[in-house]
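Student: So here's structure-v2.txt, just compact mmCIF, C-alpha atoms (C1' of nucleotides):
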```
# COMPACT_ATOMS: atom_id res chain seq x y z
CA MET A 52 0.00 0.00 0.00
CA PRO A 53 2.85 2.49 0.46
CA LEU A 54 3.29 4.99 -2.33
CA LYS A 55 7.06 5.24 -2.29
CA ASP A 56 8.75 1.92 -2.68
CA THR A 57 11.53 1.89 -0.15
CA GLY A 58 11.92 -1.85 -0.12
CA THR A 59 11.06 -2.20 3.53
CA ASP A 60 8.22 -4.57 2.88
CA GLN A 61 10.53 -6.69 0.75
CA LEU A 62 12.90 -6.80 3.69
CA ILE A 63 10.15 -8.06 5.93
CA LYS A 64 9.11 -10.73 3.49
CA ALA A 65 12.71 -11.80 2.99
CA ALA A 66 13.19 -12.16 6.73
CA ALA A 67 10.02 -14.18 7.08
CA LYS A 68 11.01 -16.38 4.18
CA ARG A 69 14.43 -16.96 5.65
CA LEU A 70 13.06 -17.91 9.07
CA LEU A 71 10.29 -20.13 7.75
CA PHE A 72 11.80 -21.65 4.62
CA SER A 73 15.53 -21.65 5.33
CA GLU A 74 15.75 -22.22 9.04
CA GLY A 75 12.61 -24.28 9.34
CA LYS A 76 11.28 -22.27 12.27
CA LEU A 77 7.69 -23.01 11.36
CA HIS A 78 6.47 -21.58 14.66
CA ALA A 79 8.07 -18.17 14.12
CA THR A 80 6.10 -15.40 15.80
CA THR A 81 5.68 -11.86 14.53
CA GLN A 82 8.28 -10.87 17.08
CA ASP A 83 10.73 -13.44 15.70
CA ILE A 84 10.17 -12.12 12.21
CA ALA A 85 10.53 -8.50 13.25
CA ASP A 86 13.76 -9.35 15.04
CA ALA A 87 15.10 -11.17 12.01
CA ALA A 88 14.25 -8.18 9.85
CA GLY A 89 15.89 -5.86 12.36
CA MET A 90 12.85 -3.76 13.10
CA ASN A 91 9.94 -3.14 15.38
CA ARG A 92 6.96 -5.40 15.35
CA SER A 93 4.71 -2.51 14.45
CA ALA A 94 6.54 -2.13 11.17
CA LEU A 95 5.16 -5.51 10.26
CA HIS A 96 1.65 -4.39 11.00
CA TYR A 97 2.22 -1.21 9.07
CA TYR A 98 2.67 -3.27 5.91
CA TYR A 99 0.58 -6.31 6.72
CA ARG A 100 -2.36 -5.88 9.00
CA THR A 101 -2.12 -9.41 10.31
CA ARG A 102 0.42 -12.17 10.59
CA ASP A 103 -1.65 -14.35 8.31
CA GLN A 104 -1.58 -11.72 5.58
CA LEU A 105 2.20 -11.57 5.67
CA ILE A 106 2.52 -15.33 5.69
CA SER A 107 0.14 -15.91 2.85
CA GLN A 108 1.88 -13.18 0.86
CA VAL A 109 5.21 -14.92 1.31
CA PHE A 110 3.55 -18.21 0.54
CA GLN A 111 1.92 -17.01 -2.68
CA GLU A 112 4.95 -15.22 -4.04
CA SER A 113 7.32 -18.11 -3.38
CA MET A 114 4.88 -20.46 -4.99
CA THR A 115 4.50 -18.28 -8.04
CA VAL A 116 8.19 -17.66 -8.54
CA LEU A 117 9.16 -21.30 -8.16
CA SER A 118 6.45 -22.67 -10.40
CA LEU A 119 7.33 -20.03 -12.97
CA LYS A 120 10.93 -21.20 -13.01
CA LEU A 121 9.90 -24.83 -13.26
CA ASP A 122 7.42 -24.03 -16.02
CA GLN A 123 10.11 -22.23 -17.93
CA ALA A 124 12.40 -25.25 -17.71
CA MET A 125 9.63 -27.59 -18.76
CA LEU A 126 8.75 -25.43 -21.74
CA SER A 127 12.29 -24.81 -22.98
CA ASP A 128 13.07 -26.26 -26.39
CA HIS A 129 16.13 -28.16 -25.25
CA PRO A 130 16.29 -31.89 -25.83
CA PHE A 131 14.75 -33.95 -23.08
CA PRO A 132 17.89 -34.90 -21.13
CA LYS A 133 19.07 -31.30 -21.08
CA LYS A 134 15.63 -30.23 -19.97
CA VAL A 135 15.70 -32.64 -17.06
CA ASP A 136 19.13 -31.39 -16.16
CA GLU A 137 17.85 -27.82 -16.02
CA LEU A 138 14.86 -28.87 -14.00
CA MET A 139 17.13 -30.51 -11.48
CA ASP A 140 19.37 -27.46 -11.25
CA ILE A 141 16.50 -25.09 -10.67
CA TYR A 142 14.94 -27.34 -8.11
CA LEU A 143 18.21 -28.00 -6.31
CA THR A 144 19.07 -24.32 -6.15
CA GLU A 145 15.71 -23.53 -4.63
CA MET A 146 15.76 -26.40 -2.15
CA SER A 147 19.30 -25.67 -1.06
CA GLU A 148 18.38 -22.11 -0.21
CA PHE A 149 14.90 -22.89 1.14
CA PRO A 150 14.88 -26.48 2.37
CA TYR A 151 11.64 -26.08 4.30
CA GLU A 152 9.59 -24.37 1.64
CA GLU A 153 7.65 -27.48 0.73
CA THR A 154 7.35 -28.64 4.30
CA PHE A 155 5.92 -25.28 5.22
CA MET A 156 3.42 -25.40 2.40
CA VAL A 157 2.12 -28.79 3.41
CA THR A 158 1.84 -28.00 7.11
CA GLU A 159 0.21 -24.69 6.26
CA MET A 160 -2.30 -26.56 4.14
CA ASN A 161 -3.02 -28.83 7.07
CA ARG A 162 -3.59 -25.78 9.23
CA ALA A 163 -5.49 -23.37 7.04
CA GLY A 164 -7.05 -25.69 4.47
CA HIS A 165 -6.12 -26.12 0.86
CA THR A 166 -7.36 -22.70 -0.21
CA LEU A 167 -3.84 -21.27 -0.26
CA ILE A 168 -2.71 -23.20 -3.30
CA SER A 169 -6.00 -23.57 -5.07
CA LYS A 170 -4.86 -21.29 -7.83
CA ILE A 171 -2.26 -23.69 -9.16
CA LYS A 172 -3.12 -24.57 -12.69
CA GLU A 173 -1.51 -27.50 -14.43
CA GLY A 174 0.05 -25.43 -17.17
CA PRO A 175 3.16 -27.01 -18.70
CA VAL A 176 3.14 -30.06 -16.44
CA VAL A 177 0.76 -31.86 -18.75
CA SER A 178 2.86 -31.29 -21.85
CA PHE A 179 6.00 -32.25 -19.96
CA LEU A 180 4.40 -35.49 -18.84
CA ALA A 181 3.60 -36.18 -22.48
CA GLU A 182 7.27 -35.74 -23.29
CA VAL A 183 8.18 -38.14 -20.54
CA ALA A 184 5.74 -40.65 -21.97
CA ALA A 185 7.34 -40.23 -25.40
CA GLU A 186 10.78 -40.93 -23.91
CA MET A 187 9.38 -44.06 -22.36
CA GLU A 188 7.98 -45.15 -25.70
CA ALA A 189 11.37 -44.50 -27.25
CA GLY A 190 12.89 -46.82 -24.67
CA ASN A 191 14.96 -44.18 -22.90
CA ILE A 192 13.13 -44.51 -19.59
CA GLU A 193 11.47 -47.50 -18.04
CA LYS A 194 7.77 -47.57 -18.81
CA MET A 195 5.48 -46.45 -16.01
CA ASN A 196 2.91 -43.80 -15.30
CA PRO A 197 4.85 -40.63 -16.26
CA VAL A 198 3.78 -39.01 -13.03
CA HIS A 199 6.16 -41.37 -11.26
CA PHE A 200 9.07 -39.92 -13.18
CA LEU A 201 8.50 -36.47 -11.72
CA ILE A 202 7.70 -37.82 -8.28
CA ASN A 203 10.96 -39.79 -8.33
CA LEU A 204 12.90 -36.77 -9.47
CA PHE A 205 11.59 -34.51 -6.72
CA SER A 206 11.73 -37.20 -4.05
CA LEU A 207 15.33 -38.13 -4.65
CA LEU A 208 16.47 -34.52 -4.66
CA SER A 209 14.29 -32.97 -2.02
CA TYR A 210 13.83 -35.47 0.73
CA PRO A 211 17.46 -35.85 1.79
CA ILE A 212 17.80 -32.09 2.02
CA ILE A 213 14.67 -31.72 4.10
CA MET A 214 15.60 -34.56 6.44
CA SER A 215 19.23 -33.60 6.62
CA PRO A 216 19.25 -32.88 10.39
CA LEU A 217 17.67 -36.26 11.07
CA TYR A 218 19.89 -38.23 8.74
CA GLN A 219 23.10 -36.69 9.95
CA GLN A 220 22.28 -38.28 13.29
CA PHE A 221 21.02 -41.49 11.77
CA PHE A 222 24.18 -42.06 9.76
CA GLN A 223 26.45 -40.47 12.36
CA LEU A 224 27.93 -38.09 9.83
CA SER A 225 29.25 -34.59 10.38
CA LYS A 226 27.46 -31.71 8.69
CA ASN A 227 30.39 -31.52 6.35
CA ASP A 228 30.44 -35.20 5.44
CA PHE A 229 26.72 -35.28 4.90
CA GLY A 230 27.09 -32.23 2.69
CA LYS A 231 29.50 -34.17 0.51
CA ILE A 232 27.00 -36.99 0.20
CA LEU A 233 24.32 -34.53 -0.86
CA ALA A 234 26.62 -33.02 -3.45
CA GLU A 235 27.02 -36.40 -5.09
CA ARG A 236 23.34 -36.86 -5.53
CA LYS A 237 22.54 -34.85 -8.61
CA GLU A 238 24.67 -37.05 -10.83
CA LEU A 239 23.46 -40.17 -9.10
CA VAL A 240 19.80 -39.24 -9.37
CA TYR A 241 20.15 -38.36 -13.02
CA ARG A 242 21.55 -41.82 -13.72
CA MET A 243 18.81 -43.51 -11.74
CA LEU A 244 16.08 -41.72 -13.63
CA PHE A 245 17.32 -42.80 -17.04
CA LYS A 246 18.26 -46.32 -16.15
CA ILE A 247 16.33 -48.87 -18.16
CA MET B 289 3.96 -41.71 37.34
CA PRO B 290 0.56 -43.20 38.25
CA LEU B 291 0.67 -46.48 40.17
CA LYS B 292 -2.34 -48.14 38.57
CA ASP B 293 -2.12 -48.34 34.83
CA THR B 294 -5.53 -47.40 33.51
CA GLY B 295 -4.34 -46.50 30.06
CA THR B 296 -5.40 -42.89 30.24
CA ASP B 297 -1.93 -41.58 29.62
CA GLN B 298 -1.65 -43.90 26.62
CA LEU B 299 -4.87 -42.37 25.35
CA ILE B 300 -3.42 -38.90 25.65
CA LYS B 301 -0.24 -39.85 23.86
CA ALA B 302 -2.20 -41.59 21.12
CA ALA B 303 -4.32 -38.49 20.58
CA ALA B 304 -1.26 -36.29 20.43
CA LYS B 305 0.44 -38.65 18.05
CA ARG B 306 -2.61 -38.74 15.80
CA LEU B 307 -2.89 -34.96 15.67
CA LEU B 308 0.81 -34.31 15.17
CA PHE B 309 1.94 -37.28 13.10
CA SER B 310 -1.19 -38.31 11.21
CA GLU B 311 -3.00 -35.05 10.61
CA GLY B 312 0.09 -32.90 10.41
CA LYS B 313 -1.27 -30.30 12.82
CA LEU B 314 2.17 -29.34 14.01
CA HIS B 315 0.79 -26.33 15.87
CA ALA B 316 -1.61 -28.38 17.99
CA THR B 317 -2.23 -26.77 21.38
CA THR B 318 -2.83 -28.59 24.65
CA GLN B 319 -6.50 -27.78 24.17
CA ASP B 320 -6.48 -29.39 20.73
CA ILE B 321 -4.87 -32.49 22.16
CA ALA B 322 -7.23 -32.68 25.11
CA ASP B 323 -10.19 -32.34 22.76
CA ALA B 324 -8.85 -35.06 20.50
CA ALA B 325 -8.40 -37.30 23.52
CA GLY B 326 -11.90 -36.47 24.71
CA MET B 327 -10.94 -35.05 28.05
CA ASN B 328 -10.21 -31.97 30.07
CA ARG B 329 -7.00 -30.09 29.58
CA SER B 330 -6.05 -30.61 33.19
CA ALA B 331 -5.97 -34.34 32.62
CA LEU B 332 -2.99 -33.67 30.38
CA HIS B 333 -1.25 -31.80 33.13
CA TYR B 334 -2.06 -34.56 35.57
CA TYR B 335 0.15 -36.90 33.55
CA TYR B 336 2.59 -34.49 31.98
CA ARG B 337 3.43 -31.35 33.86
CA THR B 338 4.07 -29.40 30.70
CA ARG B 339 3.21 -29.58 27.04
CA ASP B 340 6.87 -30.06 26.20
CA GLN B 341 7.06 -33.12 28.43
CA LEU B 342 4.14 -34.72 26.64
CA ILE B 343 5.53 -33.88 23.24
CA SER B 344 9.00 -35.14 23.95
CA GLN B 345 7.53 -38.32 25.42
CA VAL B 346 5.57 -38.95 22.23
CA PHE B 347 8.64 -38.03 20.24
CA GLN B 348 10.95 -40.40 22.10
CA GLU B 349 8.60 -43.36 22.12
CA SER B 350 7.77 -43.10 18.42
CA MET B 351 11.42 -42.80 17.65
CA THR B 352 12.31 -45.82 19.74
CA VAL B 353 9.53 -48.03 18.40
CA LEU B 354 10.23 -47.21 14.78
CA SER B 355 13.97 -47.60 14.98
CA LEU B 356 13.46 -50.88 16.84
CA LYS B 357 11.33 -52.18 13.99
CA LEU B 358 13.81 -51.04 11.40
CA ASP B 359 16.69 -52.52 13.36
CA GLN B 360 14.87 -55.80 13.55
CA ALA B 361 14.39 -55.86 9.79
CA MET B 362 18.00 -54.94 9.19
CA LEU B 363 19.23 -57.68 11.52
CA SER B 364 16.96 -60.46 10.26
CA ASP B 365 18.77 -63.37 8.65
CA HIS B 366 16.76 -63.25 5.46
CA PRO B 367 18.56 -62.89 2.15
CA PHE B 368 19.21 -59.32 1.16
CA PRO B 369 16.30 -58.76 -1.26
CA LYS B 370 13.82 -60.16 1.23
CA LYS B 371 15.34 -57.96 3.88
CA VAL B 372 14.88 -54.87 1.76
CA ASP B 373 11.33 -55.93 1.09
CA GLU B 374 10.63 -56.14 4.82
CA LEU B 375 12.30 -52.83 5.43
CA MET B 376 10.05 -51.22 2.85
CA ASP B 377 6.94 -52.79 4.32
CA ILE B 378 7.72 -51.64 7.82
CA TYR B 379 8.57 -48.17 6.66
CA LEU B 380 5.52 -47.88 4.43
CA THR B 381 3.19 -49.06 7.16
CA GLU B 382 4.57 -46.48 9.55
CA MET B 383 4.52 -43.63 7.04
CA SER B 384 1.02 -44.43 5.87
CA GLU B 385 -0.28 -44.21 9.39
CA PHE B 386 1.95 -41.32 10.48
CA PRO B 387 2.92 -39.33 7.38
CA TYR B 388 4.16 -36.34 9.36
CA GLU B 389 6.29 -38.17 11.88
CA GLU B 390 9.56 -37.31 10.20
CA THR B 391 8.48 -33.81 9.35
CA PHE B 392 7.60 -33.24 12.96
CA MET B 393 10.94 -34.55 14.14
CA VAL B 394 12.88 -32.24 11.87
CA THR B 395 10.86 -29.14 12.69
CA GLU B 396 11.05 -30.01 16.36
CA MET B 397 14.81 -30.24 16.04
CA ASN B 398 14.85 -26.82 14.44
CA ARG B 399 12.84 -25.49 17.35
CA ALA B 400 14.32 -27.17 20.39
CA GLY B 401 17.79 -28.08 19.18
CA HIS B 402 19.12 -31.49 18.36
CA THR B 403 19.09 -32.73 21.95
CA LEU B 404 15.88 -34.70 21.41
CA ILE B 405 17.42 -37.31 19.16
CA SER B 406 20.92 -37.28 20.52
CA LYS B 407 20.47 -40.75 21.92
CA ILE B 408 20.24 -42.43 18.54
CA LYS B 409 23.04 -44.91 18.24
CA GLU B 410 24.03 -46.36 14.90
CA GLY B 411 23.39 -49.94 15.91
CA PRO B 412 22.52 -52.20 12.98
CA VAL B 413 22.74 -49.47 10.36
CA VAL B 414 26.46 -49.96 10.03
CA SER B 415 26.23 -53.70 9.47
CA PHE B 416 23.37 -53.21 7.04
CA LEU B 417 25.40 -50.72 5.06
CA ALA B 418 28.15 -53.33 4.89
CA GLU B 419 25.64 -55.77 3.42
CA VAL B 420 24.63 -53.17 0.86
CA ALA B 421 28.28 -52.71 -0.04
CA ALA B 422 28.63 -56.47 -0.48
CA GLU B 423 25.64 -56.52 -2.83
CA MET B 424 27.27 -53.77 -4.83
CA GLU B 425 30.48 -55.77 -5.03
CA ALA B 426 28.46 -58.76 -6.19
CA GLY B 427 27.05 -56.60 -8.97
CA ASN B 428 23.44 -56.67 -7.76
CA ILE B 429 23.28 -52.93 -7.14
CA GLU B 430 25.04 -50.10 -8.88
CA LYS B 431 28.20 -49.12 -7.05
CA MET B 432 27.99 -45.99 -4.96
CA ASN B 433 28.37 -44.92 -1.36
CA PRO B 434 26.02 -47.40 0.39
CA VAL B 435 24.46 -44.55 2.31
CA HIS B 436 22.84 -43.46 -0.94
CA PHE B 437 21.02 -46.77 -1.15
CA LEU B 438 19.18 -46.14 2.09
CA ILE B 439 18.62 -42.48 1.32
CA ASN B 440 17.11 -43.45 -2.02
CA LEU B 441 14.91 -46.05 -0.42
CA PHE B 442 13.51 -43.68 2.18
CA SER B 443 13.21 -40.76 -0.23
CA LEU B 444 11.26 -42.63 -2.85
CA LEU B 445 8.84 -44.05 -0.32
CA SER B 446 8.43 -41.21 2.12
CA TYR B 447 8.47 -38.00 0.18
CA PRO B 448 5.41 -38.58 -2.00
CA ILE B 449 3.39 -39.49 1.07
CA ILE B 450 4.49 -36.41 2.96
CA MET B 451 3.86 -34.10 0.04
CA SER B 452 0.66 -35.76 -0.98
CA PRO B 453 -1.60 -32.71 -0.38
CA LEU B 454 0.72 -30.57 -2.50
CA TYR B 455 1.12 -33.06 -5.31
CA GLN B 456 -2.54 -33.81 -5.63
CA GLN B 457 -2.92 -30.17 -6.58
CA PHE B 458 0.19 -30.11 -8.70
CA PHE B 459 -0.89 -33.09 -10.79
CA GLN B 460 -4.57 -32.24 -10.59
CA LEU B 461 -5.44 -35.68 -9.27
CA SER B 462 -8.23 -36.67 -6.93
CA LYS B 463 -7.31 -38.07 -3.53
CA ASN B 464 -8.38 -41.43 -4.83
CA ASP B 465 -6.35 -41.30 -8.04
CA PHE B 466 -3.28 -40.12 -6.20
CA GLY B 467 -3.76 -42.96 -3.74
CA LYS B 468 -3.60 -45.41 -6.64
CA ILE B 469 -0.35 -43.84 -7.79
CA LEU B 470 1.10 -44.20 -4.31
CA ALA B 471 0.04 -47.84 -4.15
CA GLU B 472 2.07 -48.57 -7.28
CA ARG B 473 5.22 -47.21 -5.80
CA LYS B 474 6.49 -50.05 -3.64
CA GLU B 475 7.02 -52.33 -6.61
CA LEU B 476 8.40 -49.50 -8.69
CA VAL B 477 10.84 -48.37 -6.03
CA TYR B 478 12.04 -51.89 -5.45
CA ARG B 479 12.86 -52.23 -9.13
CA MET B 480 14.64 -48.89 -9.20
CA LEU B 481 16.85 -49.78 -6.27
CA PHE B 482 18.11 -52.99 -7.80
CA LYS B 483 18.51 -51.75 -11.34
CA ILE B 484 22.09 -52.01 -12.51
C1' DA C 24 -14.19 -47.75 57.72
C1' DT C 25 -10.40 -45.29 56.64
C1' DT C 26 -6.96 -44.07 53.66
C1' DA C 27 -4.48 -43.51 49.64
C1' DT C 28 -4.72 -43.06 44.72
C1' DA C 29 -6.73 -42.17 40.00
C1' DG C 30 -9.16 -39.13 37.71
C1' DT C 31 -12.21 -35.01 36.61
C1' DC C 32 -13.62 -30.32 36.69
C1' DA C 33 -13.78 -25.40 37.08
C1' DA C 34 -11.69 -21.41 38.15
C1' DC C 35 -7.70 -18.72 38.22
C1' DA C 36 -3.16 -16.67 37.24
C1' DA C 37 0.74 -15.92 34.34
C1' DT C 38 2.63 -15.55 30.08
C1' DT C 39 2.81 -15.13 25.17
C1' DT C 40 1.16 -13.58 21.11
C1' DT C 41 -1.39 -10.68 18.42
C1' DG C 42 -3.38 -6.52 16.87
C1' DT C 43 -4.43 -1.38 17.63
C1' DT C 44 -3.57 3.19 18.57
C1' DT C 45 -1.31 7.33 19.24
C1' DA C 46 2.42 10.21 19.14
C1' DA C 47 6.84 11.38 17.27
C1' DT C 48 10.36 11.86 13.48
C1' DA C 49 12.15 12.51 9.08
C1' DA C 50 12.07 13.17 4.38
C1' DA C 51 9.93 14.18 0.14
C1' DA C 52 6.23 16.79 -2.35
C1' DA C 53 3.34 20.68 -3.12
C1' DT D 145 6.88 26.64 4.15
C1' DT D 146 3.27 23.66 4.64
C1' DT D 147 1.65 19.23 3.89
C1' DT D 148 1.67 14.71 2.89
C1' DT D 149 3.79 10.20 3.44
C1' DA D 150 6.92 6.63 5.27
C1' DT D 151 8.57 4.88 9.35
C1' DT D 152 9.42 4.03 14.13
C1' DA D 153 8.49 3.57 19.03
C1' DA D 154 5.93 2.84 23.07
C1' DA D 155 2.00 1.79 25.28
C1' DC D 156 -2.19 -0.58 25.42
C1' DA D 157 -5.92 -3.99 24.84
C1' DA D 158 -7.52 -8.40 23.60
C1' DA D 159 -6.99 -12.94 22.84
C1' DA D 160 -4.85 -17.32 23.12
C1' DT D 161 -2.06 -20.49 25.48
C1' DT D 162 -0.09 -22.47 29.28
C1' DG D 163 0.34 -23.96 33.88
C1' DT D 164 -1.55 -24.25 38.81
C1' DT D 165 -4.64 -25.10 42.43
C1' DG D 166 -8.23 -26.90 45.18
C1' DA D 167 -12.34 -29.17 45.50
C1' DC D 168 -14.81 -33.27 44.34
C1' DT D 169 -15.80 -38.28 42.97
C1' DA D 170 -14.88 -43.03 42.70
C1' DT D 171 -12.40 -46.96 43.55
C1' DA D 172 -9.13 -50.05 45.39
C1' DA D 173 -6.15 -51.21 49.33
C1' DT D 174 -5.32 -51.48 54.28
```
Any chance you could put this one into structure tokens?
Tutor:
Amino acid sequence: MPLKDTGTDQLIKAAAKRLLFSEGKLHATTQDIADAAGMNRSALHYYYRTRDQLISQVFQESMTVLSLKLDQAMLSDHPFPKKVDELMDIYLTEMSEFPYEETFMVTEMNRAGHTLISKIKEGPVVSFLAEVAAEMEAGNIEKMNPVHFLINLFSLLSYPIIMSPLYQQFFQLSKNDFGKILAERKELVYRMLFKI
Amino acid sequence: MPLKDTGTDQLIKAAAKRLLFSEGKLHATTQDIADAAGMNRSALHYYYRTRDQLISQVFQESMTVLSLKLDQAMLSDHPFPKKVDELMDIYLTEMSEFPYEETFMVTEMNRAGHTLISKIKEGPVVSFLAEVAAEMEAGNIEKMNPVHFLINLFSLLSYPIIMSPLYQQFFQLSKNDFGKILAERKELVYRMLFKI
DNA sequence: ATTATAGTCAACAATTTTGTTTAATAAAAA
DNA sequence: TTTTTATTAAACAAAATTGTTGACTATAAT
């Protein structure tokens, strides 16, 4: 609502996004967010009347930006393997910076109902799935419901990042060592996906 | 602490577990839990002085029970493929009933620090990883750091269940149709893991 | 029968979190 | 210069959440 754009509201959103999506502090209060943004709590309310408004703003924008990037990759005119490679890069970049983005979305849906993401439209996913199906026909990927291909892709990349704190303990690895494992995964996942 | 065991505290823990782990209401209040357990909020405090005590009790017990089951599967003297099959069954059963168990653990760690799970000891994981390595040597699995084998297993099974609300929207599938997709995955994942 | 224990309930107090308001400041616009 | 606008700060009110207490019931043990 402010007439001059001084970027303060962007700062607030960035702080909220960092707390919620990067640090996984899903219980962050308005005070926490204000602190993280280095300002008074009333500044938050100046820009967003309520906490929920701020949250859902962050939610919506992140959603839009990410799905735009993914759409772009899916629609590019590169050959299929290159396209998958791009998709993985985009997704990995996002997940590395904001590991808890998806977790937040799901838990938020469980809290506030599915209204928040109702505006997702399939868009390029359908045409991409058709491409996947074609690759399967051509014998480059094992035949299955093409949806599985995308689910596998996202699962193999995302889950280990999300669960990283848990798995470091489980495997008794240092943060550093587990980081090395994660770094190996892009190559490994790519090979898995195209194995016949 | 009660001398007679009338099962009331079990009831409370079960309600909490259902809310947190099954329904993904990670923000559940003591009131929410009391309601779900069909009793007064003070009954909670009768058994657990504070909310945190209840939560960490639920946390610990779930953790112990699950890792016990997994350990058992990993230590069984079945041949390797059968062993993996059991592991998948156990894991799938748990995740189907409590999809948000792992999510909760991670977010709880981000909130309260890693103290909660510090008592995990590697136990049978190490010997199982050695078995995986042996299978790789024998040429039954593609060679890689054996840790990846387990990460892949858990990722491919767990992630789609956790993200189910999100992916139903993303793929524009009904709850029912997405359920069918999920049901196909055990077979599919098994094949992926052993593909050379 | 008396006593200890399990369990429930309602009321209360303390704390946290949220949202509002009002006043003050500073800078840009008219 | 006057006026608007962005921004901050402090204080306040309202709500939500948590934790405590004491009274009350029922049951099993002594």
Student: Against region 149-172 of chain D, which residues of region 307-336 of chain B fall within 10 Å? For each one I want the closest pair of atoms and the distance in Å (one decimal), counting only C-alpha atoms (C1' of nucleotides), rows by chain and increasing residue number, as a Markdown table.
Tutor:
```
| residue | atom | partner | partner_atom | distance |
| --- | --- | --- | --- | --- |
| B:Thr317 | CA | D:DT161 | C1' | 7.5 |
| B:Thr318 | CA | D:DT162 | C1' | 8.1 |
| B:Gln319 | CA | D:DT161 | C1' | 8.6 |
| B:Ser330 | CA | D:DG163 | C1' | 9.2 |
| B:His333 | CA | D:DG163 | C1' | 8.0 |
```
Student: To one decimal place in Å, what is the distance between C1' of DT145 (chain D) and C1' of DA53 (chain C)?
Tutor: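 Interatomic distance here is 10.0 Å.
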Student: Between CA of Arg479 (chain B) and CA of Tyr379 (chain B), measure the distance and give it in Å to one decimal.
Tutor: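 For CA of Arg479 (chain B) relative to CA of Tyr379 (chain B), the distance reads 16.9 Å.
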Student: Just give me the residues with any atom within 12 Å of (-0.8, -43.1, -3.0), file coordinates, counting only C-alpha atoms (C1' of nucleotides), written as a ChimeraX atom specification.
Tutor: /A:198-199,202 /B:380,383-384,387,445-453,455-456,461-474
Student: Could you list, as a list in words, the residues of chain C having an atom within 12 Å of chain B when counting all atoms listed in the file?
Tutor: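 Interface list for chain C against chain B: DA27, DT28, DA29, DG30, DT31, DC32, DA33 and DA34 of chain C.
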Student: Select, from B:Phe442, B:Phe482, B:Phe309, B:Tyr336, the residue with the minimum atom-to-atom distance to chain D, counting all atoms listed in the file.
Tutor: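 Result for the nearest residue to chain D: B:Tyr336.
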Student: Between CA of Gln360 (chain B) and CA of Val477 (chain B), what is the distance in Å, rounded to a tenth?
Tutor: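 Atom-to-atom, CA of Gln360 (chain B) to CA of Val477 (chain B), that is 21.3 Å.
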Student: Name the closest residue to chain A among the candidates B:Leu307, B:Val353, B:Met362, B:Leu375; distances are taken between atoms, counting all atoms listed in the file.
Tutor: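 That would be B:Leu307, the residue with the smallest distance to chain A.
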Student: If you count all atoms listed in the file, which residues fall within 12 Å of Gly75 (chain A), apart from same-chain ones fewer than 3 positions away, as a ChimeraX atom specification?
Tutor: /A:67-72,78-79,148-156,158,212-216 /B:391-401
Student: I'd like to know which of A:Asn196, A:Thr144, A:Ser178, A:Gln61 is closest to chain B, using all atoms listed in the file.
Tutor: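 Of the candidates, the smallest distance to chain B is held by A:Asn196.
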